[in-house]
Amino acid sequence: MNDLSSHCKAKALIVNNTHIMYFNTKSFTGTLLFLFCFQVHSESKDEIVQRGKELYNGAGSCVACHMEDGKGQKGNIPPLAGSDWLKGGSARSIAISLRGLTGPIKVNGKKYYAAMPPQLLFNDEKLAYILSYVNNAWGNNEGLITKEQVAKARKELPQDVFTPQSLLKRFPFDKKYSKKNGTFTPTFDDTLTEITKPVVYRTFMPGASPAAFAVALPGNHYYCWDAGECRLRYAWTTGGFIKSNQAHWSSNGKPVAEFNGTPYYRAHSSMLGNESFEELSKTNMQKPIYDTSQASDFPIVIDSIREAPSYLGYRLMNGFPIFRYSLGKHTITELIQMNTEKNGIQRTFTLSPPVKLIFKLTPSKSSSIASDCGKITTNGTLSLSKSESSEFSIFISPKEETN
Amino acid sequence: MKFKLPILFALFALSISGKTAPQYSVVNIPPPPTKYKNFQIDGLTFLPNGKLVVCLPSGEIFFRDLTKKSWALFAEGLHNPLGVIAISNSELIVAQRPELTRVRDIDGDGHADDFEVITDNFGMSGNYHEFNFTPVRDEDGNYFFALGTGSRGDGVRTITRGQFNQRGRPGRMHSSAPYRGCIMKLTSAGKTIPWSYGHRTPNGLGFDLKGNLFVTDNQGDWVGSSKLFHVQQDNFYGHAASLAWKPGFENSPLQTPVEKLAKMRTRACVVFPHGTMANSPTKVLAITPQANFGPFTGQLLVGEMNRPRIMRIMLEKVGGELQGACVPFIDGSPLGHGCNRMDWAADGSLFVGQTKHTWAGGEGIQQVSWNGKIPFEIQNMELLEKGFKFTFTKPINRELAQNKENWPFSSYFYEYREAYGSPRSDETKVDISSIKISRDSKIVEVELAELKAWHIHEVKIMNLTSQEGDDLTNNYIVYTLNRLLQNTPPEPLQIKTANSSKKS
């Protein structure tokens with residue numbers, strides 16, 4: 001009865017059977033599993049869990065994504081603490097660790113989008129320790145896992161990466177544990193995982209006026225450009241593109257887009273403080289934090305021009321929008337593409353007629369900023385001469401994580 | 001009593017449910033291959049080359065070659081486009097939430113590559129209900145578009161566009177961003193100006209054949225029942241919020257006495273009785289000489305979201321202003337719910353796009369065609385000195401038409417009030433004094449015991465058949481009688497009084 005697949009067959013049966021049958025079978029296998037654990041492990045449960053904890057928290061290990069507290073990362077990495085996917089089903093966690101899991105998944109009723117790669121660096125014994133720890137950490141109360149279980153699964157599981165659907169087909173949930181069934185129908189946005197050509201949406205974006213753009217670049221950098229103020233608001237690369245667009249479209253238009261990453265670049269606006277994106281997503285304000293007629297700190301400063309820029313439109317070049325707007329008598333275009341190293345964005349501007357200008361950028365710890373002419377001061381000011389202003393590029397890329 | 005009312009209403013509504021004359025057929029058009037599995041149609045027109053153009057909530061625009069029966073994606077990424085005008089085979093004007101946009105294919109590859117703002121000189125609070133409805137263009141190249149108000153179903157966003165105006169913020173439907181609740185004009189010289197005020201959810205502009213501009217509005221606060229307005233410069237049509245943007249109006253709209261607002265307002269030329277005629281009227285489309293749609297050229301069609309219905313409107317000028325009647329026309333299955341946008345195909349048939357956006361409605365595209373044979377319908381209803389003149393499309397059975405009991409007229413009005421909707425007020429059965437039938441049996445003049453100015457007059461003509469024995473297809477018709485031919489009494493306020501508030 002310590003055979004993984006027969007254990008799972010019993011589980012599969014449970015789902016299709018009556019409650020009486022279910023409880024009988026459940027207590028039966030549960031008892032066997034309990035006996036089995038103590039027969040195989042020579043260490044105490046505490047020792048096993050402690051060993052697993054060390055491996056879990058090792059550099060570059062599980063902790064990097066699922067976090068020390070097992071809570072994962074909102075929208076990206078599902079939690080392990082209290083996860084309905086772990087309940088009553090050691091087979092599932094073994095399978096996910098060995099083969100990986102891809103596709104959006106619902107855990108405890110919430111949606112997560114990041115894929116889990118197969119954990120090829122851990123042998124059967126180490127994986128058994130880790131999963132035993134996960135099963136018993138943060139209030140989880142599941143069985144211990146043996147290296148024999150892992151070895152058997154490694155031999156018998158199909159080689160394909162699991163999807164939530166295929167995993168649940170093989171190892172279904174006990175109805176007792178999950179009401180939400182662990183999967184959901186992905187929207188079009190969810191299928192946009194690898195961006196191969198630019199995607200341009202006009203939609204409601206947090207931290208921008210209601211006249212905003214969300215753009216995804218090939219190479220999976222994303223940005224929000226605000227036509228209400230003619231400026232780049234922020235750029236991000238982790239966590240995927242915006243997620244709620246389909247809800248925005250098919251509904252009455254209320255939902256503001258969501259994304260799961262943290263922007264590596266966020267342009268300063270003197271009209272805003274340190275509001276979070278969650279705060280800026282609010283739609284139920286009595287009055288706004290500010291309206292665009294009050295905005296006075298347009299990043300491009302030309303002597304003697306006091307008026308706000310005026311948005312004119314955009315043209316698609318190979319699918320990339322080239323925004324155009326006027327500032328006084330000057331017409332400015334802005335094209336945002338991936339830089340040649342493909343690790344950040346390149347903003348290419350043209351200005352006609354050219355004029356001496358100051359470009360105010362927003363330096364921060366999370367991004368590096370450079371330009372192809374002029375010098376950027378530590379406070380982010382780029383001064384360009386008249387001739388330099390006719391065409392120039394600004395490069396912004398996320399800084400590598402130091403730890 | 002509480003329980004009986006809805007049942008009575010349901011029975012009444014059921015008895016009103018109309019039909020489409022057998023001379024008209026409705027067929028479904030296969031939906032465009034949108035990636036987003038959402039087939040609501042928010043904009044619909046035709047290119048000069050005859051191709052169908054549709055806009056979807058996803059921001060996609062598709063062209064359909066009606067001969068080859070194939071779809072092609074023209075543009076994507078627009079923000080809730082709710083109306084489209086074709087300028088050429090490669091150039092459209094689209095009303096999307098933040099702008100009127102010129103969408104063009106410049107390199108000739110069949111895909112739009114230039115999106116030029118033709119105006120964004122209006123505000124957005126970011127409230128979901130602030131739709132940008134249907135652009136239309138007059139012969140001089142001026143554009144008109146309609147800005148929806150914000151809804152109390154939500155507030156405003158953290159960053160809004162255009163100068164925030166606290167005076168327009170209170171209320172069930174609000175106007176805190178510039179010109180929400182106005183019909184806007186973009187002049188051919190490029191200037192954007194508020195053209196008229198007092199609109200709530202003006203989901204549908206359209207011209208008649210004489211160049212008069214009309215817009216519908218949806219029942220709600222300040223709108224006792226849904227309406228059709230003749231849009232004229234600087235007029236105020238009743239919904240208070242947008243007065244916050246009217247030059248010279250310094251008060252807070254909701255703190256202005258309702259008497260004052262009532263005196264400012266311009267009446268609808270047609271009121272659509274709620275529950276029986278329309279709850280959510282949409283696009284206004286004239287029946288042009290090019291339309292192949294029966295003996296109704298010059299009249300207007302208006303869509304209705306909540307039920308499968310397209311109405312026909314007949315207007316006349318009385319006392320210098322337009323007023324008239326509406327009648328269900330293309331009605332009931334197989335027409336779908338949510339008829340939102342309509343236009344004439346090159347063959348003169350009518351294409352209809354359906355939508356819902358979480359409200360009552362539907363999704364899809366249908367084509368309505370006329371087979372060239374005369375349906376039995378009310379062709380026209382006009383005001384007489386003491387009654388109404390009905391013109392029918394076919395000679396009627398004189399005996400049935402002569403029977404006064406077959407003409408159960410009633411009159412009533414909707415109150416002008418801030419509260420949502422309005423009960424029917426002063427609803428009275430109207431007796432028939434006399435009935436005269438023309439020699440050719442196509443015209444019936446019904447003289448009423450009393451004609452009340454500023455009252456809606458409706459009748460559901462009973463048992464009437466043509467001389468060939470056909471039943472009258474659509475027999476429920478409503479005339480919005482504002483002015484009489486002679487001696488119209490001064491316009492009453494018809495505001496909600498203390499008594500009427502108790503009643504409701």
# chains A, B, ... in the order shown; residues from 1 in each chain; ligands from 1
>>> interface_residues(of="chain B", to="chain A", cutoff="7 Å", atoms="only C-alpha atoms", output="MDAnalysis selection string")
chainID B and resid 36 38 57:58 77:79 98 113:117 124 126:128 154:164 357:358
>>> residues_around(residues="region 411-416 of chain B", least_positions_apart="4", cutoff="6 Å", atoms="only C-alpha atoms", output="MDAnalysis selection string")
chainID B and resid 224 422 424:428 455:457 494:496
>>> write_last_selection(atoms="N, CA and C atoms", output="compact mmCIF listing (two decimals), in the first residue's frame")
# COMPACT_ATOMS: atom_id res chain seq x y z
N GLY B 224 -37.29 60.94 -16.49
CA GLY B 224 -38.43 60.16 -16.01
C GLY B 224 -38.64 58.89 -16.82
N SER B 422 -39.60 57.90 -13.13
CA SER B 422 -40.81 58.61 -12.69
C SER B 422 -42.00 57.69 -12.92
N ARG B 424 -45.97 57.22 -14.02
CA ARG B 424 -46.83 57.96 -14.95
C ARG B 424 -47.75 58.84 -14.10
N SER B 425 -47.79 60.11 -14.41
CA SER B 425 -48.62 61.02 -13.63
C SER B 425 -49.83 61.43 -14.44
N ASP B 426 -50.92 61.69 -13.74
CA ASP B 426 -52.14 62.19 -14.39
C ASP B 426 -52.56 61.24 -15.50
N GLU B 427 -52.44 59.93 -15.26
CA GLU B 427 -52.78 58.98 -16.33
C GLU B 427 -54.30 58.88 -16.44
N THR B 428 -54.77 59.14 -17.63
CA THR B 428 -56.22 59.24 -17.85
C THR B 428 -56.60 58.51 -19.12
N HIS B 455 -48.50 66.29 -22.69
CA HIS B 455 -48.82 64.94 -22.22
C HIS B 455 -48.48 63.93 -23.32
N ILE B 456 -48.10 62.76 -22.88
CA ILE B 456 -47.89 61.64 -23.81
C ILE B 456 -49.25 61.02 -24.09
N HIS B 457 -49.54 60.75 -25.36
CA HIS B 457 -50.78 60.08 -25.72
C HIS B 457 -50.43 58.74 -26.34
N GLN B 494 -44.29 70.35 -14.33
CA GLN B 494 -44.40 68.89 -14.15
C GLN B 494 -43.28 68.35 -13.28
N ILE B 495 -42.96 69.13 -12.24
CA ILE B 495 -41.91 68.69 -11.33
C ILE B 495 -42.52 67.81 -10.25
N LYS B 496 -41.66 67.14 -9.52
CA LYS B 496 -42.14 66.28 -8.46
C LYS B 496 -42.60 67.16 -7.30
>>> closest_residue(among="A:Tyr325, A:Trp85, A:Tyr129, A:Tyr223", to="Thr183 (chain A)", atoms="only C-alpha atoms")
A:Trp85
>>> residues_around(residues="region 81-92 of chain B", least_positions_apart="5", cutoff="7 Å", atoms="only C-alpha atoms", output="PyMOL selection string")
chain B and resi 42-49+55-57+59+97+102-105+132-136
>>> write_last_selection(atoms="N, CA and C atoms", output="mmCIF file, in the first residue's frame")
data_model
loop_
_atom_site.group_PDB
_atom_site.id
_atom_site.type_symbol
_atom_site.label_atom_id
_atom_site.label_comp_id
_atom_site.auth_asym_id
_atom_site.auth_seq_id
_atom_site.Cartn_x
_atom_site.Cartn_y
_atom_site.Cartn_z
ATOM 1 N N ASP B 42 -19.842 47.448 -30.500
ATOM 2 C CA ASP B 42 -19.993 48.796 -29.951
ATOM 3 C C ASP B 42 -19.937 49.878 -31.012
ATOM 4 N N GLY B 43 -19.550 49.502 -32.203
ATOM 5 C CA GLY B 43 -19.532 50.460 -33.303
ATOM 6 C C GLY B 43 -19.779 49.678 -34.583
ATOM 7 N N LEU B 44 -20.511 50.282 -35.523
ATOM 8 C CA LEU B 44 -20.815 49.555 -36.768
ATOM 9 C C LEU B 44 -21.079 50.560 -37.870
ATOM 10 N N THR B 45 -20.406 50.389 -38.989
ATOM 11 C CA THR B 45 -20.704 51.208 -40.161
ATOM 12 C C THR B 45 -20.209 50.473 -41.396
ATOM 13 N N PHE B 46 -20.237 51.169 -42.544
ATOM 14 C CA PHE B 46 -19.764 50.566 -43.788
ATOM 15 C C PHE B 46 -18.727 51.459 -44.447
ATOM 16 N N LEU B 47 -17.742 50.823 -45.067
ATOM 17 C CA LEU B 47 -16.757 51.564 -45.855
ATOM 18 C C LEU B 47 -17.389 51.943 -47.197
ATOM 19 N N PRO B 48 -16.821 52.932 -47.880
ATOM 20 C CA PRO B 48 -17.334 53.253 -49.218
ATOM 21 C C PRO B 48 -17.322 52.039 -50.150
ATOM 22 N N ASN B 49 -16.370 51.117 -49.953
ATOM 23 C CA ASN B 49 -16.312 49.928 -50.813
ATOM 24 C C ASN B 49 -17.307 48.850 -50.400
ATOM 25 N N CYS B 55 -16.638 47.635 -34.326
ATOM 26 C CA CYS B 55 -15.723 47.874 -33.207
ATOM 27 C C CYS B 55 -16.156 46.991 -32.039
ATOM 28 N N LEU B 56 -15.194 46.403 -31.369
ATOM 29 C CA LEU B 56 -15.477 45.530 -30.240
ATOM 30 C C LEU B 56 -14.955 46.146 -28.940
ATOM 31 N N PRO B 57 -15.505 45.693 -27.798
ATOM 32 C CA PRO B 57 -15.045 46.244 -26.516
ATOM 33 C C PRO B 57 -13.547 46.024 -26.291
ATOM 34 N N GLY B 59 -11.300 46.675 -28.145
ATOM 35 C CA GLY B 59 -10.515 47.686 -28.839
ATOM 36 C C GLY B 59 -10.126 47.266 -30.242
ATOM 37 N N ARG B 97 -12.835 55.958 -25.489
ATOM 38 C CA ARG B 97 -13.020 56.652 -24.212
ATOM 39 C C ARG B 97 -12.256 57.975 -24.127
ATOM 40 N N ARG B 102 -8.530 59.609 -35.394
ATOM 41 C CA ARG B 102 -8.478 59.270 -36.820
ATOM 42 C C ARG B 102 -7.585 58.035 -36.936
ATOM 43 N N VAL B 103 -8.169 56.925 -37.367
ATOM 44 C CA VAL B 103 -7.445 55.658 -37.448
ATOM 45 C C VAL B 103 -7.215 55.360 -38.920
ATOM 46 N N ARG B 104 -5.944 55.310 -39.311
ATOM 47 C CA ARG B 104 -5.630 55.208 -40.739
ATOM 48 C C ARG B 104 -4.646 54.090 -41.035
ATOM 49 N N ASP B 105 -4.813 53.504 -42.200
ATOM 50 C CA ASP B 105 -3.804 52.597 -42.741
ATOM 51 C C ASP B 105 -3.000 53.406 -43.749
ATOM 52 N N ASN B 132 -17.921 57.447 -24.203
ATOM 53 C CA ASN B 132 -17.823 58.410 -25.299
ATOM 54 C C ASN B 132 -18.583 57.819 -26.471
ATOM 55 N N PHE B 133 -19.798 58.349 -26.706
ATOM 56 C CA PHE B 133 -20.734 57.694 -27.607
ATOM 57 C C PHE B 133 -20.714 58.270 -29.021
ATOM 58 N N THR B 134 -20.884 57.370 -29.961
ATOM 59 C CA THR B 134 -21.230 57.635 -31.365
ATOM 60 C C THR B 134 -20.821 58.975 -31.969
ATOM 61 N N PRO B 135 -19.755 59.059 -32.669
ATOM 62 C CA PRO B 135 -19.555 60.307 -33.398
ATOM 63 C C PRO B 135 -20.448 60.322 -34.644
ATOM 64 N N VAL B 136 -20.914 61.504 -35.004
ATOM 65 C CA VAL B 136 -21.571 61.689 -36.308
ATOM 66 C C VAL B 136 -20.947 62.918 -36.953
#
